[in-house]
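Undergrad: After the structure tokens below, expect a handful of questions from me.
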Amino acid sequence: MAKGHRSQIKRERNANKDTRPSAKLSYARVSVQKACFVLDAIRGKDVTTALAILEYNPRYASSLLKKLLESAIANAENNNGMKVENLYIAECYANKGPTMKRVKPRAQGRAYRIEKRMSHLTVVLNER
């Protein structure tokens, strides 16, 4: 059992929280492998360059990540009071989400399983 009062334990836990601005998109209808192609292109870049890359990237995940990055930028401005020109992408990753299982009928009465994968996308910004 932990030592101290419950409020003290909560205070200590909240002191260790990451204060960097971030945004998360859960249950995105794109597989982790396909999202990682786009994430690798913007990792470590400043936000204006990353937005330009996402604007002209033809992949479906880039449109999702563009909205997510804009949300993270807005969080940095409004909640943390950071300047946009100093921001860069410190972390961006995709975690595996649940998989929707569907059935596709095939020849001679067989059924093939179709797996529609989802992912949880996260973008974390930081100031230079």
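Order determines the names: the first chain of the structure tokens is A, the second B, and so forth; residues in each chain are numbered 1 upward, and ligands are numbered 1 upward as they are shown.
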Write down as an MDAnalysis selection string the residues of chain A whose backbone DSSP state falls under strand (DSSP E).

TA: chainID A and resid 22:28 87:105 111:127

Undergrad: Segment 54-118 of chain A near segment 27-35 of chain A within 8 Å: what's each residue's closest atom pair and its distance in Å to one decimal, counting only C-alpha atoms, ordered by chain then ascending residue number, as JSON lines?

TA:
{"residue": "A:Tyr60", "atom": "CA", "partner": "A:Val30", "partner_atom": "CA", "distance": 8.0}
{"residue": "A:Ala61", "atom": "CA", "partner": "A:Ala35", "partner_atom": "CA", "distance": 5.5}
{"residue": "A:Ser62", "atom": "CA", "partner": "A:Ala35", "partner_atom": "CA", "distance": 7.9}
{"residue": "A:Ala94", "atom": "CA", "partner": "A:Val32", "partner_atom": "CA", "distance": 5.8}
{"residue": "A:Asn95", "atom": "CA", "partner": "A:Val32", "partner_atom": "CA", "distance": 6.6}
{"residue": "A:Lys96", "atom": "CA", "partner": "A:Val32", "partner_atom": "CA", "distance": 6.1}
{"residue": "A:Gly97", "atom": "CA", "partner": "A:Tyr27", "partner_atom": "CA", "distance": 6.2}
{"residue": "A:Pro98", "atom": "CA", "partner": "A:Tyr27", "partner_atom": "CA", "distance": 7.6}
{"residue": "A:Lys116", "atom": "CA", "partner": "A:Arg29", "partner_atom": "CA", "distance": 7.8}
{"residue": "A:Arg117", "atom": "CA", "partner": "A:Ser31", "partner_atom": "CA", "distance": 5.1}
{"residue": "A:Met118", "atom": "CA", "partner": "A:Arg29", "partner_atom": "CA", "distance": 4.8}

Undergrad: Grab the residues selected above and save them as a compact mmCIF listing (two decimals), in the first residue's frame with C-alpha atoms.

TA:
# COMPACT_ATOMS: atom_id res chain seq x y z
CA TYR A 60 -5.03 8.74 -46.82
CA ALA A 61 -3.27 8.86 -43.43
CA SER A 62 -1.79 12.27 -44.28
CA ALA A 94 0.85 4.88 -34.20
CA ASN A 95 -0.32 2.16 -31.84
CA LYS A 96 -2.41 -0.81 -32.87
CA GLY A 97 -6.15 -0.49 -32.28
CA PRO A 98 -8.93 -3.06 -32.51
CA LYS A 116 -10.11 -3.94 -41.25
CA ARG A 117 -7.41 -2.60 -38.99
CA MET A 118 -7.52 0.51 -36.83

Undergrad: Neighbouring residues of Ile114 of chain A were defined as those with any atom within 7 Å, considering only C-alpha atoms; residues of the same chain fewer than 3 positions away were excluded. Please report them as a list of chain:residue names.

TA: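 Once the adjacent positions are removed, what remains is A:Lys101, A:Arg102, A:Val103, A:Lys104.
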
Undergrad: Could you take the residues named above and write them with N, CA and C atoms, as a CSV table (one decimal), in the first residue's frame?

TA:
chain,number,residue,atom,x,y,z
A,101,LYS,N,-13.5,-7.5,-38.0
A,101,LYS,CA,-13.5,-8.7,-38.7
A,101,LYS,C,-14.7,-8.8,-39.6
A,102,ARG,N,-14.5,-9.0,-40.9
A,102,ARG,CA,-15.6,-9.1,-41.9
A,102,ARG,C,-15.4,-10.4,-42.7
A,103,VAL,N,-16.5,-10.9,-43.3
A,103,VAL,CA,-16.4,-12.1,-44.1
A,103,VAL,C,-16.7,-11.8,-45.5
A,104,LYS,N,-15.9,-12.3,-46.4
A,104,LYS,CA,-16.1,-12.2,-47.8
A,104,LYS,C,-16.4,-13.5,-48.4

Undergrad: Excluding Val84 of chain A and residues on its chain fewer than 6 positions from it, collect all residues at most 8 Å away from it, counting only C-alpha atoms, and give them as a list in words.

TA: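 Skipping anything fewer than 6 positions along the chain leaves Val47, Ile73, Ala76 and Glu77 of chain A.
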
Undergrad: Go ahead and save the residues from that selection, with C-alpha atoms, as a short mmCIF file (atom, residue, chain, number, x, y, z; two decimals), in the first residue's frame.

TA:
data_model
loop_
_atom_site.label_atom_id
_atom_site.label_comp_id
_atom_site.auth_asym_id
_atom_site.auth_seq_id
_atom_site.Cartn_x
_atom_site.Cartn_y
_atom_site.Cartn_z
CA VAL A 47 5.45 22.19 -37.75
CA ILE A 73 -0.57 23.24 -32.60
CA ALA A 76 0.30 24.44 -27.77
CA GLU A 77 -0.86 27.98 -28.51
#

Undergrad: Interatomic distance between atom CA of Ser26 of chain A and atom CA of Asn126 of chain A?

TA: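 Taking atom CA of Ser26 of chain A as the start and atom CA of Asn126 of chain A as the end point, the length is 21.3 Å.
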
Undergrad: Contacts of Arg128 of chain A at 9 Å or less, counting only C-alpha atoms, minus same-chain residues fewer than 3 places along, as a ChimeraX atom specification?

TA: /A:86-88

Undergrad: Taking N, CA and C atoms for each residue, export the selection above as a compact mmCIF listing (two decimals), in the first residue's frame.

TA:
# COMPACT_ATOMS: atom_id res chain seq x y z
N ASN A 86 8.35 28.25 -33.17
CA ASN A 86 9.37 27.54 -32.39
C ASN A 86 9.05 26.05 -32.21
N LEU A 87 7.87 25.63 -32.66
CA LEU A 87 7.43 24.25 -32.41
C LEU A 87 8.01 23.27 -33.42
N TYR A 88 8.28 22.05 -32.93
CA TYR A 88 8.67 20.94 -33.81
C TYR A 88 8.05 19.65 -33.29

Undergrad: I want to know what sits within 12 Å of Ile53 of chain A, based on only C-alpha atoms, with residues of the same chain fewer than 6 positions away left out; could you give that as a VMD selection string?

TA: chain A and resid 38 to 43 45 to 47 59 62 to 63 65 to 66 69

Undergrad: Just C-alpha atoms for this one: save the residues we selected as an mmCIF file, in the first residue's frame.

TA:
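Below is the file result.cif, written as the result:
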data_model
loop_
_atom_site.group_PDB
_atom_site.id
_atom_site.type_symbol
_atom_site.label_atom_id
_atom_site.label_comp_id
_atom_site.auth_asym_id
_atom_site.auth_seq_id
_atom_site.Cartn_x
_atom_site.Cartn_y
_atom_site.Cartn_z
ATOM 1 C CA VAL A 38 3.531 9.246 -43.271
ATOM 2 C CA LEU A 39 4.725 9.528 -39.654
ATOM 3 C CA ASP A 40 8.308 8.755 -40.671
ATOM 4 C CA ALA A 41 8.188 11.615 -43.185
ATOM 5 C CA ILE A 42 7.306 14.272 -40.565
ATOM 6 C CA ARG A 43 9.108 13.032 -37.432
ATOM 7 C CA LYS A 45 10.501 18.381 -38.528
ATOM 8 C CA ASP A 46 9.229 21.815 -37.557
ATOM 9 C CA VAL A 47 5.448 22.187 -37.753
ATOM 10 C CA ARG A 59 -1.744 8.901 -48.742
ATOM 11 C CA SER A 62 -1.787 12.267 -44.284
ATOM 12 C CA SER A 63 -5.224 13.937 -44.193
ATOM 13 C CA LEU A 65 -2.442 13.480 -39.462
ATOM 14 C CA LYS A 66 -2.802 17.009 -40.855
ATOM 15 C CA LEU A 69 -1.129 18.183 -36.106
#

Undergrad: Write out as an MDAnalysis selection string the residues lying within 12 Å of Ala74 of chain A, counting only C-alpha atoms and excluding same-chain residues fewer than 6 positions away.

TA: chainID A and resid 21:23 47 67:68 80:84 87 125

Undergrad: Please run DSSP on the backbone and report, as number ranges by chain, all residues within segment 35-119 of chain A that come out as alpha helix (DSSP H).

TA: A: 35-42, 47-56, 60-80

Undergrad: Okay, now the selection with C-alpha atoms, as a short mmCIF file (atom, residue, chain, number, x, y, z; two decimals), in the first residue's frame?

TA:
data_model
loop_
_atom_site.label_atom_id
_atom_site.label_comp_id
_atom_site.auth_asym_id
_atom_site.auth_seq_id
_atom_site.Cartn_x
_atom_site.Cartn_y
_atom_site.Cartn_z
CA ALA A 35 0.22 5.39 -41.02
CA CYS A 36 3.92 4.86 -40.23
CA PHE A 37 4.93 5.76 -43.81
CA VAL A 38 3.53 9.25 -43.27
CA LEU A 39 4.73 9.53 -39.65
CA ASP A 40 8.31 8.76 -40.67
CA ALA A 41 8.19 11.62 -43.19
CA ILE A 42 7.31 14.27 -40.56
CA VAL A 47 5.45 22.19 -37.75
CA THR A 48 5.29 24.45 -40.83
CA THR A 49 7.41 21.99 -42.85
CA ALA A 50 5.38 19.05 -41.54
CA LEU A 51 2.08 20.71 -42.53
CA ALA A 52 3.44 21.33 -46.04
CA ILE A 53 4.52 17.67 -46.33
CA LEU A 54 1.11 16.45 -45.17
CA GLU A 55 -0.72 18.82 -47.52
CA TYR A 56 0.83 17.29 -50.65
CA TYR A 60 -5.03 8.74 -46.82
CA ALA A 61 -3.27 8.86 -43.43
CA SER A 62 -1.79 12.27 -44.28
CA SER A 63 -5.22 13.94 -44.19
CA LEU A 64 -5.87 12.46 -40.73
CA LEU A 65 -2.44 13.48 -39.46
CA LYS A 66 -2.80 17.01 -40.86
CA LYS A 67 -5.92 17.59 -38.75
CA LEU A 68 -4.23 15.98 -35.75
CA LEU A 69 -1.13 18.18 -36.11
CA GLU A 70 -3.29 21.31 -36.40
CA SER A 71 -5.05 20.29 -33.20
CA ALA A 72 -1.72 19.80 -31.40
CA ILE A 73 -0.57 23.24 -32.60
CA ALA A 74 -3.79 24.81 -31.28
CA ASN A 75 -3.24 23.05 -27.93
CA ALA A 76 0.30 24.44 -27.77
CA GLU A 77 -0.86 27.98 -28.51
CA ASN A 78 -3.94 28.12 -26.31
CA ASN A 79 -3.06 25.86 -23.37
CA ASN A 80 0.72 26.29 -23.10
#
